[in-house]
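Q: Before I ask anything, here is the structure I am working with.
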Amino acid sequence: AEDDSYVGAVIDQAARLRLHEEREWHVLVHYQKTLFGYKSLIDDPKFFLAPDGRKNPESELKATIRGIFSTELSGDTHPRCRFAARFAWLKTKLDIDGRKLPEVECPRLKGVLDKIVPTGATLVFPTSHINSPASMFGHTLMTLRTGTGSALLSHAVNYTAVTNETFGPVYAVKGLLGYYPGYFSILPYYAKIQEYSDFDHRDIWEYHLNFTEEELHRMLLHIFELDFVYSDYYFFGENCSYNLLYLFDVARPSLTLTDRFYRKFPFWVIPIDTVRGAGESGMIARAEYRPSRSSMIKFIASQLSDENRKFAVALSRGDASIQRLLERDIPDDEKIKICDLASEYTQYRYSKEYISKEEYSRAFIALLGARSKLGKPETSEYRVPAPAHPENGHLSNRIAVGAGVIKKGGDVDYFQQIKLRPSYHTLLDDDRGYVEGGQIVFFDVTLRYYDLNRRLELDNIDIIDIASLSPRDEFFKSVSWKIKTGVTRTLLDN
């Protein structure tokens with residue numbers, strides 16, 4: 001009875017302070033304001049302790065306070081273990097007597113905190129890959145750096161839809177309608193790069209964030225809360241980029257990034273937009289460019305003649321011998337570049353499963369042997385020039401206005417038009433920060449008002465308009481393609 005009285009007093013104190021109305025509480029439970037109150041964007045029932053907790057911040061707060069004093073559960077199932085970030089926040093807001101709290105061991109949480117002691121965070125943006133339905137707009141994930149000193153050994157924090165769907169149109173439709181559950185996961189960064197095999201064609205930008213260690217600790221506690229918890233994945237809204245912003249807002253509530261994107265109209269969140277939002281909020285300390293293997297291949301190839309590029313391809317494919325390379329009457333630096341280019345291309349072919357593991361091992365070991373005989377080059381490494389920063393490219397949304405005249409027979413009709421494009425990029429736009437030769441347009445709408453008949457008409461709507469114009473060379477046999485669906489009004493002679 002005494003314990004119940006104390007818990008009641010703590011709940012009363014939270015009510016007097018109106019903690020359920022504080023933004024930090026809303027961010028921790030992912031609440032957003034709707035026409036009828038509040039709703040959490042988390043759909044998994046096990047994320048809430050109150051029966052109506054998904055739509056009632058006050059009820060969930062009371063249930064959380066009761067939960068941290070509960071003696072009915074123990075170990076990892078106890079609310080203090082499951083909702084470590086909530087508990088940490090409540091301790092800063094309420095005068096909780098630690099002697100009143102039950103003894104609870106949290107072995108799983110302790111294991112995570114012992115293993116991951118973040119010293120820094122990086123927002124990672126793999127650029128778009130137009131030939132992959134899930135990657136047309138790029139992707140964002142985050143890494144937590146530890147004391148290892150190697151970026152590849154960082155812990156990658158990623159939110160993604162869980163699906164086995166490989167057919168692009170079906171994936172797009174279901175992704176638009178929220179048919180896939182989305183989960184957070186933590187993996188080694190190098191494993192995440194391996195998981196995305198199409199990274200071979202995708203340059204990576206790493207934006208180092210200026211979070212303090214205290215902010216990183218709060219973020220890690222919230223990541224732990226979200227483990228094995230799903231929310232419906234929406235391709236253009238509650239996607240990989242938007243949900244990542246909750247981690248930033250929990251770490252530093254003054255950012256208000258989640259509100260900024262959710263409360264704008266329309267609620268479109270494209271990965272590069274979140275990178276811009278992070279930059280505008282002052283989070284980004286510096287940016288680092290990590291070229292893809294295809295970019296490295298193209299860069300080394302650009303330093304060789306046509307003949308030597310073809311020879312590198314022949315070496316990789318086994319159509320030319322290592323001995324023939326060593327006997328050629330060309331400078332050693334040229335031989336080194338040919339050998340390095342053949343090595344990179346061999347790794348690329350293996351990653352794409354064009355050759356077997358046995359063929360790869362045989363060819364790659366032979367190339368390494370030749371490379372060791374050639375010694376050190378004059379320049380010790382290849383530095384691929386960084387392209388324009390993606391966040392410095394044009395914005396994703398566009399509005400255009402125009403006017404014109406139509407002559408038909410003896411009649412002249414003037415019109416004014418407005419064109420709205422929610423996303424994203426056309427072949428006629430400036431390519432800086434975008435993939436050259438790629439076009440992605442969704443829901444491009446043109447409305448016209450005709451003066452003569454005083455009518456507003458839908459002139460054109462492009463539901464989807466995608467084009468991929470990919471150059472072909474000795475290394476990449478890309479296929480160019482285009483798809484467009486929509487409706488266009490056309491004037492016909494009677």
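Chain labels A, B, ... are given in the sequence in which chains occur in the structure tokens; within each chain residues are numbered consecutively from 1, and ligands are likewise numbered from 1 in the order shown.
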If we count only C-alpha atoms and set the cut-off at 8 Å, which residues sit around Tyr414 of chain A, ignoring sequence neighbours fewer than 2 positions away in its own chain? Please answer as a list in words.
A: Ala403, Gly404, Val405, Ile406, Val412, Gln416, Tyr450, Asp451 and Leu452 of chain A
Q: In segment 251-484 of chain A, what's strand (DSSP E or B) per DSSP? Answer as a PyMOL selection string?
A: chain A and resi 284-290+398-408+411-421+423-425+438-450+455-468+481-484
Q: Just write the chosen residues, C-alpha atoms, as a short mmCIF file (atom, residue, chain, number, x, y, z; two decimals), in the first residue's frame.
A:
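Result went into part-v7.cif, see below:
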```cif
data_model
loop_
_atom_site.label_atom_id
_atom_site.label_comp_id
_atom_site.auth_asym_id
_atom_site.auth_seq_id
_atom_site.Cartn_x
_atom_site.Cartn_y
_atom_site.Cartn_z
CA ILE A 284 26.95 18.18 -39.89
CA ALA A 285 30.58 18.80 -38.97
CA ARG A 286 32.11 17.61 -42.26
CA ALA A 287 31.38 15.43 -45.29
CA GLU A 288 33.49 12.61 -46.70
CA TYR A 289 33.22 10.98 -50.12
CA ARG A 290 33.59 7.20 -50.55
CA ARG A 398 9.08 22.04 -58.21
CA ILE A 399 6.30 24.42 -59.17
CA ALA A 400 6.13 26.18 -62.54
CA VAL A 401 3.70 28.70 -63.97
CA GLY A 402 3.14 29.67 -67.57
CA ALA A 403 0.75 31.13 -70.10
CA GLY A 404 0.00 30.62 -73.77
CA VAL A 405 -2.42 30.86 -76.61
CA ILE A 406 -4.19 28.25 -78.70
CA LYS A 407 -5.48 28.99 -82.19
CA LYS A 408 -8.01 26.59 -83.54
CA ASP A 411 -10.96 31.00 -82.51
CA VAL A 412 -8.18 32.18 -80.22
CA ASP A 413 -8.09 31.01 -76.63
CA TYR A 414 -5.63 32.18 -73.98
CA PHE A 415 -4.68 30.01 -71.04
CA GLN A 416 -2.66 30.12 -67.83
CA GLN A 417 -1.16 26.96 -66.40
CA ILE A 418 0.44 25.72 -63.21
CA LYS A 419 2.66 22.65 -63.05
CA LEU A 420 3.39 20.76 -59.81
CA ARG A 421 6.11 18.14 -59.45
CA SER A 423 9.63 14.69 -57.01
CA TYR A 424 12.33 14.43 -58.20
CA HIS A 425 14.64 15.02 -61.19
CA GLY A 438 18.81 9.37 -64.70
CA GLN A 439 15.26 10.70 -64.56
CA ILE A 440 12.66 9.99 -61.86
CA VAL A 441 9.34 11.85 -61.84
CA PHE A 442 6.27 10.97 -59.78
CA PHE A 443 2.83 12.61 -60.03
CA ASP A 444 3.82 15.50 -62.29
CA VAL A 445 0.53 17.43 -62.76
CA THR A 446 -0.32 20.30 -65.13
CA LEU A 447 -3.55 22.33 -64.73
CA ARG A 448 -4.74 24.89 -67.29
CA TYR A 449 -7.31 27.66 -67.04
CA TYR A 450 -8.84 28.70 -70.40
CA ARG A 455 -12.78 26.50 -67.32
CA LEU A 456 -10.02 24.74 -65.39
CA GLU A 457 -8.83 21.48 -66.93
CA LEU A 458 -6.34 18.77 -66.16
CA ASP A 459 -3.90 19.05 -69.04
CA ASN A 460 -1.40 16.38 -68.08
CA ILE A 461 -0.52 13.96 -65.29
CA ASP A 462 2.57 11.75 -65.32
CA ILE A 463 2.00 9.13 -62.64
CA ILE A 464 5.49 7.78 -63.14
CA ASP A 465 8.16 8.79 -65.63
CA ILE A 466 11.51 7.06 -65.23
CA ALA A 467 14.42 6.97 -67.66
CA SER A 468 17.88 5.47 -67.35
CA TRP A 481 15.40 2.04 -70.63
CA LYS A 482 12.38 4.24 -70.08
CA ILE A 483 8.93 3.81 -68.60
CA LYS A 484 6.13 6.36 -68.51
#
```
Q: Between A:Phe137, A:Phe235, A:Tyr38, A:Tyr348, single out the one closest to Phe475 of chain A, counting only C-alpha atoms.
A: A:Tyr348
Q: So that I can see what lies close to Arg54 of chain A, please list as a PyMOL selection string the residues with an atom at most 7 Å from it, counting only C-alpha atoms and leaving out residues fewer than 5 positions away in the same chain.
A: chain A and resi 39-40+48
Q: Do you have, as JSON lines, the list of residues of segment 226-249 of chain A lying at most 12 Å from segment 17-34 of chain A, each with its nearest atom pair and that distance in Å to one decimal, counting only C-alpha atoms and ordered by chain then number?
A:
```
{"residue": "A:Leu226", "atom": "CA", "partner": "A:Val29", "partner_atom": "CA", "distance": 10.0}
{"residue": "A:Val229", "atom": "CA", "partner": "A:Val29", "partner_atom": "CA", "distance": 12.0}
{"residue": "A:Ser231", "atom": "CA", "partner": "A:His30", "partner_atom": "CA", "distance": 10.5}
{"residue": "A:Glu238", "atom": "CA", "partner": "A:His30", "partner_atom": "CA", "distance": 11.4}
{"residue": "A:Tyr242", "atom": "CA", "partner": "A:His30", "partner_atom": "CA", "distance": 11.4}
{"residue": "A:Asn243", "atom": "CA", "partner": "A:His30", "partner_atom": "CA", "distance": 9.2}
{"residue": "A:Leu244", "atom": "CA", "partner": "A:His30", "partner_atom": "CA", "distance": 11.5}
{"residue": "A:Leu245", "atom": "CA", "partner": "A:Val27", "partner_atom": "CA", "distance": 10.0}
{"residue": "A:Tyr246", "atom": "CA", "partner": "A:Val27", "partner_atom": "CA", "distance": 6.7}
{"residue": "A:Leu247", "atom": "CA", "partner": "A:Val27", "partner_atom": "CA", "distance": 8.9}
{"residue": "A:Phe248", "atom": "CA", "partner": "A:Val27", "partner_atom": "CA", "distance": 9.9}
{"residue": "A:Asp249", "atom": "CA", "partner": "A:Val27", "partner_atom": "CA", "distance": 6.9}
```
Q: Please, could you write that set of residues out with N, CA and C atoms as a PDB file, in the first residue's frame?
A:
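Heads up, here's the output in out08.pdb:
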```pdb
ATOM      1  N   LEU A 226      13.752   0.423 -29.755  1.00  0.00           N
ATOM      2  CA  LEU A 226      13.099   0.170 -31.040  1.00  0.00           C
ATOM      3  C   LEU A 226      13.444  -1.191 -31.639  1.00  0.00           C
ATOM      4  N   VAL A 229      10.794  -3.879 -32.928  1.00  0.00           N
ATOM      5  CA  VAL A 229       9.529  -3.148 -32.938  1.00  0.00           C
ATOM      6  C   VAL A 229       9.290  -2.655 -34.366  1.00  0.00           C
ATOM      7  N   SER A 231       7.053  -0.629 -37.484  1.00  0.00           N
ATOM      8  CA  SER A 231       6.086   0.395 -37.876  1.00  0.00           C
ATOM      9  C   SER A 231       5.875   0.253 -39.378  1.00  0.00           C
ATOM     10  N   GLU A 238       6.767   7.582 -44.157  1.00  0.00           N
ATOM     11  CA  GLU A 238       7.447   6.967 -43.017  1.00  0.00           C
ATOM     12  C   GLU A 238       8.444   5.929 -43.532  1.00  0.00           C
ATOM     13  N   TYR A 242      12.927   9.230 -42.881  1.00  0.00           N
ATOM     14  CA  TYR A 242      12.132   9.934 -41.871  1.00  0.00           C
ATOM     15  C   TYR A 242      12.300   9.314 -40.493  1.00  0.00           C
ATOM     16  N   ASN A 243      12.228   8.006 -40.403  1.00  0.00           N
ATOM     17  CA  ASN A 243      12.308   7.363 -39.092  1.00  0.00           C
ATOM     18  C   ASN A 243      13.680   7.527 -38.452  1.00  0.00           C
ATOM     19  N   LEU A 244      14.692   7.700 -39.280  1.00  0.00           N
ATOM     20  CA  LEU A 244      16.027   7.953 -38.738  1.00  0.00           C
ATOM     21  C   LEU A 244      16.078   9.283 -37.986  1.00  0.00           C
ATOM     22  N   LEU A 245      15.233  10.224 -38.394  1.00  0.00           N
ATOM     23  CA  LEU A 245      15.233  11.543 -37.758  1.00  0.00           C
ATOM     24  C   LEU A 245      14.806  11.484 -36.297  1.00  0.00           C
ATOM     25  N   TYR A 246      14.009  10.477 -35.920  1.00  0.00           N
ATOM     26  CA  TYR A 246      13.606  10.346 -34.523  1.00  0.00           C
ATOM     27  C   TYR A 246      14.820  10.099 -33.625  1.00  0.00           C
ATOM     28  N   LEU A 247      15.809   9.389 -34.149  1.00  0.00           N
ATOM     29  CA  LEU A 247      17.013   9.150 -33.354  1.00  0.00           C
ATOM     30  C   LEU A 247      17.746  10.456 -33.094  1.00  0.00           C
ATOM     31  N   PHE A 248      17.774  11.316 -34.101  1.00  0.00           N
ATOM     32  CA  PHE A 248      18.442  12.607 -33.931  1.00  0.00           C
ATOM     33  C   PHE A 248      17.675  13.501 -32.953  1.00  0.00           C
ATOM     34  N   ASP A 249      16.350  13.486 -33.062  1.00  0.00           N
ATOM     35  CA  ASP A 249      15.534  14.326 -32.172  1.00  0.00           C
ATOM     36  C   ASP A 249      15.591  13.852 -30.722  1.00  0.00           C
TER      37      ASP A 249
END
```
Q: Fewer than 3 positions away in the same chain doesn't count, so skip those; otherwise give me all residues within 7 Å of Ser343 of chain A, counting only C-alpha atoms, as a PDB file with N, CA, C and O atoms, in the first residue's frame.
A:
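around-v1.pdb, freshly written:
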```pdb
ATOM      1  N   CYS A 339      47.257  -3.371 -64.125  1.00  0.00           N
ATOM      2  CA  CYS A 339      47.066  -4.436 -63.145  1.00  0.00           C
ATOM      3  C   CYS A 339      46.016  -4.051 -62.105  1.00  0.00           C
ATOM      4  O   CYS A 339      45.153  -4.851 -61.745  1.00  0.00           O
ATOM      5  N   ASP A 340      46.092  -2.808 -61.610  1.00  0.00           N
ATOM      6  CA  ASP A 340      45.114  -2.343 -60.619  1.00  0.00           C
ATOM      7  C   ASP A 340      43.711  -2.305 -61.211  1.00  0.00           C
ATOM      8  O   ASP A 340      42.735  -2.662 -60.539  1.00  0.00           O
ATOM      9  N   THR A 346      37.962  -7.382 -61.694  1.00  0.00           N
ATOM     10  CA  THR A 346      37.765  -8.777 -61.290  1.00  0.00           C
ATOM     11  C   THR A 346      36.902  -8.854 -60.029  1.00  0.00           C
ATOM     12  O   THR A 346      35.990  -9.687 -59.926  1.00  0.00           O
ATOM     13  N   GLN A 347      37.173  -7.965 -59.064  1.00  0.00           N
ATOM     14  CA  GLN A 347      36.356  -7.934 -57.849  1.00  0.00           C
ATOM     15  C   GLN A 347      34.918  -7.549 -58.163  1.00  0.00           C
ATOM     16  O   GLN A 347      33.977  -8.087 -57.578  1.00  0.00           O
ATOM     17  N   PHE A 364      42.444 -13.362 -59.260  1.00  0.00           N
ATOM     18  CA  PHE A 364      42.842 -12.290 -58.347  1.00  0.00           C
ATOM     19  C   PHE A 364      44.224 -12.547 -57.744  1.00  0.00           C
ATOM     20  O   PHE A 364      45.044 -11.629 -57.623  1.00  0.00           O
ATOM     21  N   LEU A 367      46.841 -11.713 -60.306  1.00  0.00           N
ATOM     22  CA  LEU A 367      47.009 -10.260 -60.454  1.00  0.00           C
ATOM     23  C   LEU A 367      47.782  -9.675 -59.273  1.00  0.00           C
ATOM     24  O   LEU A 367      48.627  -8.785 -59.452  1.00  0.00           O
TER      25      LEU A 367
END
```
Q: Calculate how many Å separate atom CA of Ala50 of chain A from atom CA of Ala63 of chain A, rounding to one decimal.
A: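 These atoms are spaced 5.5 Å apart.
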Q: Ranking A:Ala301, A:Ile355, A:Val104, A:Ile365 by minimum distance to Lys337 of chain A and counting only C-alpha atoms, which one comes first?
A: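 Selected residue with least distance to Lys337 of chain A: A:Ala301.
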Q: Between atom CA of Met136 of chain A and atom CA of Arg260 of chain A, what is the spacing in Å?
A: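 Those two atoms sit 23.6 Å apart.
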Q: Any chance you could list, as a ChimeraX atom specification, the residues in segment 55-117 of chain A that come up helix (DSSP H, G or I) when DSSP is run on the backbone?
A: /A:57-68,75-77,79-82,84-93,98-100,107-115
